[in-house]
Amino acid sequence: MMHKVLSVLGLLFCFSAVAQKSRVVLSASKTKIEVGETIAFKVESNIEGSFQIDNIPSSFVNGGGINGGVNYQMDYNTGNLLVIYSYAETGAFTKPGIYKIGPAYVKSRSGQSYVGNVITIEVSKKIHLSNGDPSSQQLAAPAFGMIQLNKTSIYEGESIIVGAKVYSRFQPTRIGNYNTFIQRKGIEFQELKNSSRQLKVREEKFHGNMFYTFEYDRNLIFPPGTGSFTLDPFSMDVMQGFKGYSLQSSGASIEIKPLPNGAPDDFIGAVGSFSVSRRIDTTKIKQGEVFKMTVEVSGTGNIQNSLEPELNLPKGFVVYGDPIVTKDISYGVNGAEGTIEYEFNIQVTTSGSITIPGTSISYFDLEDEVYKTVTTGKHAIEIERDKSVIAEESEKQTTDEAIYKQSASELRIKKEVKSTESIFGSTLFWSGVSAPLLCAFLFIFLVRKREKEADEIETKQAIQRKDKELNELMASVKSLLHSGENDAYYSSIESALRKAFELKMGITDNDRILNKSEMFDFLKKSGQVELLESVRSLFRTCEESRFGFGVSAGDRQPALNQLESIIKALKL
Amino acid sequence: MKHLTLIIALFISIFSFAGSNFDEGIDAFQDSNYVLAIEKFQASLAETPNDVASYYNLGLAHQESKQFGKAIWAFEKVLKLSPADADAKEHIELCYAKLNENMTWEPRLNRFKSILYGYSGMTWSILAIIFSFALAISIILFVRARDLSYKRLFIALTFVFVCSLISSILIAYGASNYAEQTRFAVVTQESIPTYKDESKISEVTLKEGDQVEILNPKTEEKDFIEVSSQSGDTYLVKRTDVDFI
């Protein structure tokens with residue numbers, strides 16, 4: 001039993017493993033970097049095996065080593081726990097250029113290779129920061145500091161790279177008591193990862209003199225507002241052994257230009273280079289239900305400060321609550337780079353086949369110095385109508401305006417032609433109503449008539465039968481007249497008399513035996529008194545003769561005559 | 001054969017055209033182009049005059065265009081064709097609320113009648129004929145039944161069918177009258193004048209959304225019609241100033 005259970009479970013596991021789509025994804029921590037800037041390439045896959053990234057140029061120097069790991073993720077669509085294997089290489093490029101890295105490969109233990117995607121990395125020349133001219137006082141000092149900038153004029157929202165540079169007439173071995181140039185609160189800055197806190201001292205000719213020089217504390221700064229922005233001087237002790245010299249640099253000023261007028265309505269406040277994509281989790285839904293729409297804004301610039309994009313949804317689509325925002329941002333010499341994902345829950349109050357127009361965003365492009373708009377593709381969604389939802393929604397809406405917004409959702413999408421023509425009042429209608437009833441009554445009448453006729457025939461037949469029986473009885477009486485069978489003779493007379501009355505009274509039922517009193521009553525009612533007396537007399541004669549003695553054949557004749565006269569009187 | 005092909009082609013083109021106006025109206029509405037939507041739904045109604053969906057969508061388009069009088073007319077037409085339509089009633093109330101908060105609207109049919117008249121006069125007429133058949137059969141069975149318990153059953157059925165027959169005839173009469181007669185009209189313009197006689201304007205004006213009962217509906221050829229307002233006053237109004245429901 002246990003074997004069978006295990007086999008089934010194993011089989012299911014195998015099926016699920018086979019059914020699971022292989023996935024190999026190559027990504028980079030940044031796509032635009034400068035020479036010497038640290039970058040990490042990462043391969044993620046649900047296949048366990050050996051990882052390899054193809055086409056890594058010789059100009060890439062692996063400086064951070066190779067890392068691998070395992071993560072566990074829940075697939076909310078299937079409820080399965082996914083095992084994600086990862087592999088990362090960190091380093092820097094030594095030459096500028098556009099590099100196509102990848103594809104990445106995963107070779108499973110069974111020897112099968114799975115291929116991933118290719119990514120493009122743009123490596124620019126190392127950004128050299130410039131500084132202003134030192135004063136003669138600074139040049140005369142044993143050491144002096146300058147604030148270095150990559151730009152002195154930027155657009156609102158744009159980032160600048162700021163660093164400290166020290167010129168010294170003696171070879172410094174270390175520094176102390178460093179106070180940075182970013183001392184004011186409210187300034188957004190990120191220390192660049194390749195900014196070394198290690199002193200890399202070199203010799204440099206500056207203003208005709210040789211100096212020992214080093215750069216220190218390189219930062220990416222997003223200056224706020226517009227106008228003139230001033231950086232505070234930095235200060236430090238430049239040490240050689242235990243001897244040192246305290247210096248304070250001069251400050252630096254940056255001009256921040258406002259963005260040009262005429263920003264599009266869908267401007268998200270982003271400055272740099274951006275793209276947008278969108279996906280929905282279903283294409284079929286029931287009215288009133290909620291679906292997920294994910295909008296992904298990617299790019300380089302000040303993405304961390306960009307605003308939530310406007311969805312531009314059709315009527316009947318209501319954003320349910322605030323979106324879930326997921327940020328994946330890294331900072332480099334080109335600014336903040338990465339992706340912001342907005343996951344919206346959208347309730348649908350409309351119905352039918354609806355196309356959701358693309359979501360657009362606008363940003364300010366620093367290279368072309370114009371606003372640019374990018375748009376996602378459209379999505380078609382099938383919404384099954386649910387009448388109760390509209391009713392509920394209508395109750396929820398308290399303002400008239402809100403109800404108007406529902407109008408589109410209430411559009412009726414199928415024609416519903418109703419006929420106003422009616423046969424009511426027409427001849428056809430009244431015929432249709434009356435005909436069945438008339439037919440019913442006619443049917444009943446005909447059936448009754450037929451039954452009556454059948455009854456009459458039956459009665460006639462019964463009378464004929466009784467008439468025949470009477471004739472037979474009369475013949476029997478006549479035959480017994482001279483036979484000497486006294487009892488039989490008078491019994492026959494009585495029977496013939498009863499039969500004659502049955503005939504007269506129309507009694508067709510053979511089982512019914514007519515008694516004398518009924519006969520007498522009949523005669524009384526019909527007022528035939530003489531006949532009544534005659535009948536009584538005949539019955540008396542029959543009774544006396546049947547139970548008396550010595551009745552001769554000659555005595556029997558009057559009884560027969562009386563019977564015949566009675567039958568005659570009864571007009572049979 | 002040529003004629004047949006031509007007729008088929010003509011039918012196909014007519015039907016495809018009929019569908020397109022309605023669909024185009026929906027598309028225009030969804031694009032918030034209500035003027036075009038109104039035009040398309042009107043064209044759709046010209047093709048299929050008793051289409052409830054076209055009237056309803058036309059009402060929505062008028063409502064969105066803030067033409068509340070016309071929207072009321074369209075929704076009233078929906079109610080005339082489909083008296084139990086709760087959505088149309090809701091929208092009429094909403095339009096009146098937008099026109100004037102003091103204006104109230106009561107449906108001409110109560111809830112019970114709305115449901116009954118929701119089925120057409122034709123449906124009730126057919127039902128009456130069916131009940132007549134059932135009654136006839138029930139009577140025959142009653143007469144022919146020998147067993148007393150059957151007789152009781154059939155007499156009860158006969159009673160039920162008699163009641164059903166009478167009810168369905170009465171409802172068919174009501175529903176046919178309701179659907180066929182044009183007894184009401186609505187003012188779709190901002191205001192219209194009323195007349196004491198055909199040459200003399202009265203001081204009273206009727207406002208958008210006002211509904212009037214036509215007192216002499218059969219005088220179709222006349223320019224003026226006698227109407228009764230909700231307050232019970234009677235006026236003459238120009239036939240062209242009101243939209244008939």
# chains A, B, ... in the order shown; residues from 1 in each chain; ligands from 1
>>> select_by_dssp(residues="range 9-193 of chain B", states="strand (DSSP E or B)", output="list in words")
Asp51, Phe184, Ala185, Val186, Val187, Ser191, Ile192 and Pro193 of chain B
>>> write_last_selection(atoms="C-alpha atoms", output="PDB file, in the first residue's frame")
ATOM      1  CA  ASP B  51     -35.279  47.641 -29.663  1.00  0.00           C
ATOM      2  CA  PHE B 184     -48.398  60.376 -22.869  1.00  0.00           C
ATOM      3  CA  ALA B 185     -45.731  62.774 -24.037  1.00  0.00           C
ATOM      4  CA  VAL B 186     -42.714  64.387 -22.455  1.00  0.00           C
ATOM      5  CA  VAL B 187     -41.250  67.842 -22.903  1.00  0.00           C
ATOM      6  CA  SER B 191     -39.508  74.999 -21.956  1.00  0.00           C
ATOM      7  CA  ILE B 192     -42.480  75.091 -24.319  1.00  0.00           C
ATOM      8  CA  PRO B 193     -45.468  77.411 -24.476  1.00  0.00           C
TER       9      PRO B 193
END
>>> interface_residues(of="chain A", to="chain B", cutoff="8 Å", atoms="only C-alpha atoms", output="ChimeraX atom specification")
/A:314-315,400,404,407-408,411-425,429,432-434,436-437,439-441,443-444
>>> residues_around(residues="Gly332 in chain A", least_positions_apart="6", cutoff="10 Å", atoms="only C-alpha atoms", output="PyMOL selection string")
chain A and resi 29-34+37-39+161+190-194+219-220+300-301
>>> residues_around(residues="Val295 in chain A", least_positions_apart="4", cutoff="6 Å", atoms="only C-alpha atoms", output="list of chain:residue names")
A:Ser277, A:Arg278, A:Glu341, A:Tyr342
>>> write_last_selection(atoms="C-alpha atoms", output="mmCIF file, in the first residue's frame")
data_model
loop_
_atom_site.group_PDB
_atom_site.id
_atom_site.type_symbol
_atom_site.label_atom_id
_atom_site.label_comp_id
_atom_site.auth_asym_id
_atom_site.auth_seq_id
_atom_site.Cartn_x
_atom_site.Cartn_y
_atom_site.Cartn_z
ATOM 1 C CA SER A 277 5.250 48.082 -19.663
ATOM 2 C CA ARG A 278 2.030 46.616 -18.377
ATOM 3 C CA GLU A 341 6.384 48.034 -10.238
ATOM 4 C CA TYR A 342 2.877 49.256 -9.397
#
>>> residues_around(residues="range 226-242 of chain B", least_positions_apart="4", cutoff="9 Å", atoms="only C-alpha atoms", output="VMD selection string")
chain B and resid 184 to 189 192 to 198 202 204 206 210 to 217 220 222
>>> closest_residue(among="A:Lys568, A:Lys205, A:His482, A:Lys284", to="Glu384 in chain A", atoms="only C-alpha atoms")
A:Lys284
>>> residues_around(residues="Arg546 in chain A", least_positions_apart="6", cutoff="7 Å", atoms="only C-alpha atoms", output="list in words")
Asn486, Asp487 and Tyr490 of chain A
>>> write_last_selection(atoms="N, CA and C atoms", output="mmCIF file, in the first residue's frame")
data_model
loop_
_atom_site.group_PDB
_atom_site.id
_atom_site.type_symbol
_atom_site.label_atom_id
_atom_site.label_comp_id
_atom_site.auth_asym_id
_atom_site.auth_seq_id
_atom_site.Cartn_x
_atom_site.Cartn_y
_atom_site.Cartn_z
ATOM 1 N N ASN A 486 -102.219 -28.324 -12.512
ATOM 2 C CA ASN A 486 -102.926 -27.161 -11.982
ATOM 3 C C ASN A 486 -101.975 -26.061 -11.507
ATOM 4 N N ASP A 487 -100.999 -26.505 -10.693
ATOM 5 C CA ASP A 487 -100.054 -25.524 -10.100
ATOM 6 C C ASP A 487 -99.248 -24.814 -11.183
ATOM 7 N N TYR A 490 -101.500 -22.212 -13.198
ATOM 8 C CA TYR A 490 -101.802 -20.922 -12.568
ATOM 9 C C TYR A 490 -100.527 -20.112 -12.309
#
>>> atom_distance(atom1="CA of Phe229 in chain A", atom2="CA of Ala252 in chain A")
8.3 Å
>>> atom_distance(atom1="CA of Gly358 in chain A", atom2="CA of Tyr320 in chain A")
18.9 Å
>>> residues_around(residues="Ile115 in chain B", least_positions_apart="3", cutoff="6 Å", atoms="only C-alpha atoms", output="list in words")
Ala84, Phe112 and Gly118 of chain B
>>> decode(residues="range 78-193 of chain B", atoms="C-alpha atoms", output="mmCIF file, in the first residue's frame")
data_model
loop_
_atom_site.group_PDB
_atom_site.id
_atom_site.type_symbol
_atom_site.label_atom_id
_atom_site.label_comp_id
_atom_site.auth_asym_id
_atom_site.auth_seq_id
_atom_site.Cartn_x
_atom_site.Cartn_y
_atom_site.Cartn_z
ATOM 1 C CA VAL B 78 -37.878 51.499 -22.565
ATOM 2 C CA LEU B 79 -40.569 51.242 -19.899
ATOM 3 C CA LYS B 80 -43.252 51.169 -22.528
ATOM 4 C CA LEU B 81 -41.620 48.192 -24.203
ATOM 5 C CA SER B 82 -40.378 46.585 -21.012
ATOM 6 C CA PRO B 83 -42.452 47.913 -18.077
ATOM 7 C CA ALA B 84 -40.514 46.035 -15.387
ATOM 8 C CA ASP B 85 -37.132 47.535 -16.357
ATOM 9 C CA ALA B 86 -35.751 48.674 -12.996
ATOM 10 C CA ASP B 87 -32.661 50.327 -14.523
ATOM 11 C CA ALA B 88 -34.757 52.595 -16.726
ATOM 12 C CA LYS B 89 -36.860 53.635 -13.712
ATOM 13 C CA GLU B 90 -33.717 54.397 -11.763
ATOM 14 C CA HIS B 91 -32.371 56.557 -14.567
ATOM 15 C CA ILE B 92 -35.639 58.466 -14.969
ATOM 16 C CA GLU B 93 -35.568 59.292 -11.256
ATOM 17 C CA LEU B 94 -31.965 60.372 -11.611
ATOM 18 C CA CYS B 95 -32.744 62.601 -14.586
ATOM 19 C CA TYR B 96 -35.599 64.263 -12.706
ATOM 20 C CA ALA B 97 -33.300 64.796 -9.756
ATOM 21 C CA LYS B 98 -30.830 66.510 -12.051
ATOM 22 C CA LEU B 99 -33.494 68.648 -13.736
ATOM 23 C CA ASN B 100 -35.149 69.805 -10.575
ATOM 24 C CA GLU B 101 -34.876 68.345 -7.113
ATOM 25 C CA ASN B 102 -38.512 69.213 -6.463
ATOM 26 C CA MET B 103 -39.721 67.207 -9.443
ATOM 27 C CA THR B 104 -40.917 63.774 -8.574
ATOM 28 C CA TRP B 105 -41.721 60.930 -10.847
ATOM 29 C CA GLU B 106 -44.058 58.066 -10.255
ATOM 30 C CA PRO B 107 -44.146 55.170 -12.668
ATOM 31 C CA ARG B 108 -47.474 54.905 -14.451
ATOM 32 C CA LEU B 109 -47.728 51.232 -13.653
ATOM 33 C CA ASN B 110 -47.510 49.848 -10.152
ATOM 34 C CA ARG B 111 -45.049 47.075 -9.413
ATOM 35 C CA PHE B 112 -47.592 44.315 -9.938
ATOM 36 C CA LYS B 113 -48.786 45.676 -13.263
ATOM 37 C CA SER B 114 -45.219 46.310 -14.347
ATOM 38 C CA ILE B 115 -44.421 42.655 -13.897
ATOM 39 C CA LEU B 116 -47.623 41.521 -15.633
ATOM 40 C CA TYR B 117 -47.263 43.935 -18.548
ATOM 41 C CA GLY B 118 -43.621 42.976 -18.780
ATOM 42 C CA TYR B 119 -44.953 40.052 -20.774
ATOM 43 C CA SER B 120 -46.504 41.374 -23.974
ATOM 44 C CA GLY B 121 -50.178 41.448 -24.863
ATOM 45 C CA MET B 122 -49.378 38.746 -27.396
ATOM 46 C CA THR B 123 -48.011 36.473 -24.662
ATOM 47 C CA TRP B 124 -51.095 36.949 -22.513
ATOM 48 C CA SER B 125 -53.379 36.422 -25.542
ATOM 49 C CA ILE B 126 -51.685 33.124 -26.298
ATOM 50 C CA LEU B 127 -51.916 32.187 -22.639
ATOM 51 C CA ALA B 128 -55.662 32.952 -22.710
ATOM 52 C CA ILE B 129 -56.078 30.574 -25.656
ATOM 53 C CA ILE B 130 -54.057 27.907 -23.840
ATOM 54 C CA PHE B 131 -56.182 28.330 -20.709
ATOM 55 C CA SER B 132 -59.290 28.059 -22.863
ATOM 56 C CA PHE B 133 -58.068 24.721 -24.189
ATOM 57 C CA ALA B 134 -57.236 23.549 -20.695
ATOM 58 C CA LEU B 135 -60.652 24.615 -19.459
ATOM 59 C CA ALA B 136 -62.377 22.761 -22.267
ATOM 60 C CA ILE B 137 -60.471 19.576 -21.481
ATOM 61 C CA SER B 138 -61.151 19.993 -17.788
ATOM 62 C CA ILE B 139 -64.910 20.390 -18.412
ATOM 63 C CA ILE B 140 -65.003 17.303 -20.614
ATOM 64 C CA LEU B 141 -63.124 15.269 -18.037
ATOM 65 C CA PHE B 142 -65.429 16.482 -15.304
ATOM 66 C CA VAL B 143 -68.512 15.459 -17.264
ATOM 67 C CA ARG B 144 -67.096 12.119 -18.238
ATOM 68 C CA ALA B 145 -65.634 11.212 -14.832
ATOM 69 C CA ARG B 146 -67.575 8.506 -12.992
ATOM 70 C CA ASP B 147 -65.551 8.501 -9.770
ATOM 71 C CA LEU B 148 -66.563 11.219 -7.306
ATOM 72 C CA SER B 149 -62.959 11.995 -6.304
ATOM 73 C CA TYR B 150 -62.089 12.603 -9.961
ATOM 74 C CA LYS B 151 -65.157 14.728 -10.368
ATOM 75 C CA ARG B 152 -63.988 16.875 -7.422
ATOM 76 C CA LEU B 153 -60.513 17.179 -8.912
ATOM 77 C CA PHE B 154 -61.820 18.232 -12.300
ATOM 78 C CA ILE B 155 -64.286 20.728 -10.897
ATOM 79 C CA ALA B 156 -61.395 22.341 -8.959
ATOM 80 C CA LEU B 157 -59.277 22.426 -12.115
ATOM 81 C CA THR B 158 -62.166 23.864 -14.066
ATOM 82 C CA PHE B 159 -62.476 26.642 -11.490
ATOM 83 C CA VAL B 160 -58.741 27.378 -11.683
ATOM 84 C CA PHE B 161 -58.784 27.477 -15.471
ATOM 85 C CA VAL B 162 -61.846 29.714 -15.550
ATOM 86 C CA CYS B 163 -60.065 32.189 -13.252
ATOM 87 C CA SER B 164 -56.843 31.951 -15.288
ATOM 88 C CA LEU B 165 -58.703 32.449 -18.546
ATOM 89 C CA ILE B 166 -60.518 35.536 -17.301
ATOM 90 C CA SER B 167 -57.320 36.970 -15.739
ATOM 91 C CA SER B 168 -55.234 36.419 -18.852
ATOM 92 C CA ILE B 169 -57.889 38.028 -21.055
ATOM 93 C CA LEU B 170 -57.991 41.075 -18.765
ATOM 94 C CA ILE B 171 -54.179 41.336 -18.603
ATOM 95 C CA ALA B 172 -53.897 40.857 -22.371
ATOM 96 C CA TYR B 173 -56.346 43.716 -22.781
ATOM 97 C CA GLY B 174 -54.343 45.950 -20.396
ATOM 98 C CA ALA B 175 -50.939 45.027 -21.833
ATOM 99 C CA SER B 176 -52.084 45.501 -25.440
ATOM 100 C CA ASN B 177 -53.565 48.887 -24.625
ATOM 101 C CA TYR B 178 -50.455 49.946 -22.708
ATOM 102 C CA ALA B 179 -48.123 48.990 -25.549
ATOM 103 C CA GLU B 180 -50.207 50.204 -28.458
ATOM 104 C CA GLN B 181 -51.680 53.455 -27.236
ATOM 105 C CA THR B 182 -49.803 56.730 -27.251
ATOM 106 C CA ARG B 183 -51.337 58.515 -24.324
ATOM 107 C CA PHE B 184 -48.398 60.376 -22.869
ATOM 108 C CA ALA B 185 -45.731 62.774 -24.037
ATOM 109 C CA VAL B 186 -42.714 64.387 -22.455
ATOM 110 C CA VAL B 187 -41.250 67.842 -22.903
ATOM 111 C CA THR B 188 -37.682 67.476 -24.124
ATOM 112 C CA GLN B 189 -36.948 71.150 -24.714
ATOM 113 C CA GLU B 190 -35.968 73.580 -21.986
ATOM 114 C CA SER B 191 -39.508 74.999 -21.956
ATOM 115 C CA ILE B 192 -42.480 75.091 -24.319
ATOM 116 C CA PRO B 193 -45.468 77.411 -24.476
#
